[in-house]
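Participant: Before we start, here is the structure in question, set down as structure tokens.
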Amino acid sequence: MTKRLSVRRIGGPLASSTGNANTRWSERWSLEIRIEDEEGVGLGEAAPLPGYSDESAADVRNAVQAL
């Protein structure tokens with residue numbers, strides 16, 4: 001069974017900054033994950049939350065591609 005994986009970075013600057021009790025951010029990035037084979041397509045998203053996660057979008061991309 002042939003599987004195809006694509007990971008695409010999406011996001012960018014926000015219209016206005018947002019945040020939580022610990023930090024604020026003015027841009028937000030996430031990864032759109034698509035896995036496809038003969039049986040169908042699976043879609044997902046991974047989005048490290050600034051101030052809560054030590055991982056960057058690049059770290060998440062590397063982890064997904066290592067699977």
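In the structure tokens, chains take letters A, B, ... by order of appearance, with residues numbered from 1 within each chain and ligands from 1 in the order shown.
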Could you go through chain A and tell me which residues DSSP, when run on the backbone, assigns to strand (DSSP E or B), listing them as an MDAnalysis selection string?
Facilitator: chainID A and resid 4:19 24:37 40:46
Participant: Within 9 Å of Arg28 of chain A, counting only C-alpha atoms, which residues show up once you throw out same-chain ones fewer than 5 positions away? Write them as a list in words, please.
Facilitator: Ile10, Gly11, Gly12, Pro13, Leu14, Ala47, Leu49 and Pro50 of chain A
Participant: Report as number ranges by chain all protein, DNA and RNA residues lying within 7 Å of Asp37 of chain A, evaluated on only C-alpha atoms, omitting residues in the same chain fewer than 6 positions from it.
Facilitator: A: 1-4
Participant: Write out, as a PDB file, in the first residue's frame, the residues just selected, with C-alpha atoms.
Facilitator:
ATOM      1  CA  MET A   1       0.000   0.000   0.000  1.00  0.00           C
ATOM      2  CA  THR A   2       1.532   3.328  -1.093  1.00  0.00           C
ATOM      3  CA  LYS A   3       1.127   6.208   1.344  1.00  0.00           C
ATOM      4  CA  ARG A   4       1.783   9.835   0.543  1.00  0.00           C
TER       5      ARG A   4
END
Participant: Have a look at A:Ala63, A:Ala15, A:Leu43, A:Val7 and name the one nearest to Leu31 of chain A; count only C-alpha atoms.
Facilitator: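 The closest residue to Leu31 of chain A is A:Val7.
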Participant: Using only C-alpha atoms, determine which residues lie at most 6 Å from Thr23 of chain A, disregarding the query and same-chain residues fewer than 3 positions distant; provide the list as number ranges by chain.
Facilitator: A: 19-20, 51
Participant: Which parts of chain A does DSSP call alpha helix (DSSP H) when run on the backbone here, written out as number ranges by chain?
Facilitator: A: 57-66
Participant: Please dump the current selection as a compact mmCIF listing (two decimals), in the first residue's frame; keep N, CA, C and O atoms.
Facilitator:
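So out.txt came out as:
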# COMPACT_ATOMS: atom_id res chain seq x y z
N ALA A 57 7.02 24.99 15.06
CA ALA A 57 6.40 24.34 13.90
C ALA A 57 7.42 23.45 13.18
O ALA A 57 7.07 22.38 12.71
N ALA A 58 8.67 23.87 13.14
CA ALA A 58 9.72 23.04 12.50
C ALA A 58 9.93 21.74 13.27
O ALA A 58 10.11 20.67 12.66
N ASP A 59 9.91 21.79 14.61
CA ASP A 59 10.04 20.58 15.41
C ASP A 59 8.90 19.61 15.12
O ASP A 59 9.11 18.40 15.00
N VAL A 60 7.69 20.14 15.03
CA VAL A 60 6.52 19.30 14.76
C VAL A 60 6.62 18.69 13.37
O VAL A 60 6.36 17.51 13.18
N ARG A 61 7.02 19.49 12.38
CA ARG A 61 7.19 18.97 11.03
C ARG A 61 8.17 17.80 11.02
O ARG A 61 7.91 16.75 10.43
N ASN A 62 9.30 17.95 11.68
CA ASN A 62 10.30 16.89 11.71
C ASN A 62 9.76 15.63 12.39
O ASN A 62 10.00 14.52 11.93
N ALA A 63 8.99 15.80 13.46
CA ALA A 63 8.42 14.64 14.16
C ALA A 63 7.40 13.92 13.28
O ALA A 63 7.38 12.69 13.21
N VAL A 64 6.55 14.66 12.59
CA VAL A 64 5.53 14.05 11.73
C VAL A 64 6.21 13.31 10.58
O VAL A 64 5.85 12.18 10.25
N GLN A 65 7.20 13.93 9.97
CA GLN A 65 7.86 13.30 8.83
C GLN A 65 8.68 12.07 9.24
O GLN A 65 8.93 11.20 8.43
N ALA A 66 9.05 11.99 10.52
CA ALA A 66 9.80 10.82 11.01
C ALA A 66 8.90 9.60 11.23
O ALA A 66 9.40 8.49 11.35
Participant: What is the atom CA of Glu27 of chain A to atom CA of Val41 of chain A distance in Å?
Facilitator: 29.0 Å
Participant: Please indicate the distance in Å from atom CA of Glu32 of chain A to atom CA of Pro48 of chain A, rounded to one decimal place.
Facilitator: 12.3 Å
Participant: I'd like the contact shell of Ser6 of chain A - 7 Å cut-off, only C-alpha atoms, skipping same-chain residues fewer than 5 positions apart - returned as a PyMOL selection string.
Facilitator: chain A and resi 33-35
Participant: Store the residues of this selection in a file with all heavy atoms, as a short mmCIF file (atom, residue, chain, number, x, y, z; two decimals), in the first residue's frame.
Facilitator:
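File written: again.cif
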data_model
loop_
_atom_site.label_atom_id
_atom_site.label_comp_id
_atom_site.auth_asym_id
_atom_site.auth_seq_id
_atom_site.Cartn_x
_atom_site.Cartn_y
_atom_site.Cartn_z
N ILE A 33 -1.56 18.62 7.85
CA ILE A 33 -1.00 17.30 7.57
C ILE A 33 -2.00 16.52 6.74
O ILE A 33 -3.18 16.44 7.09
CB ILE A 33 -0.69 16.55 8.89
CG1 ILE A 33 0.29 17.39 9.72
CG2 ILE A 33 -0.16 15.16 8.60
CD1 ILE A 33 0.35 16.97 11.16
N ARG A 34 -1.53 15.94 5.65
CA ARG A 34 -2.39 15.16 4.75
C ARG A 34 -1.69 13.83 4.47
O ARG A 34 -0.54 13.81 4.04
CB ARG A 34 -2.61 15.92 3.45
CG ARG A 34 -3.46 15.20 2.45
CD ARG A 34 -3.56 16.03 1.17
NE ARG A 34 -4.28 15.32 0.16
CZ ARG A 34 -5.54 15.56 -0.18
NH1 ARG A 34 -6.23 16.50 0.45
NH2 ARG A 34 -6.13 14.87 -1.11
N ILE A 35 -2.38 12.75 4.76
CA ILE A 35 -1.87 11.40 4.47
C ILE A 35 -2.86 10.74 3.54
O ILE A 35 -4.06 10.72 3.80
CB ILE A 35 -1.71 10.57 5.76
CG1 ILE A 35 -0.75 11.28 6.72
CG2 ILE A 35 -1.22 9.17 5.43
CD1 ILE A 35 -0.65 10.64 8.07
#
Participant: Quote the spacing between atom CA of Arg24 of chain A and atom CA of Tyr52 of chain A in Å to one decimal place.
Facilitator: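 About the pair atom CA of Arg24 of chain A and atom CA of Tyr52 of chain A: they are 11.5 Å apart.
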Participant: Which one is closest to Ala46 of chain A: A:Ser17, A:Arg8, A:Leu67, A:Ser26? Count only C-alpha atoms.
Facilitator: A:Arg8
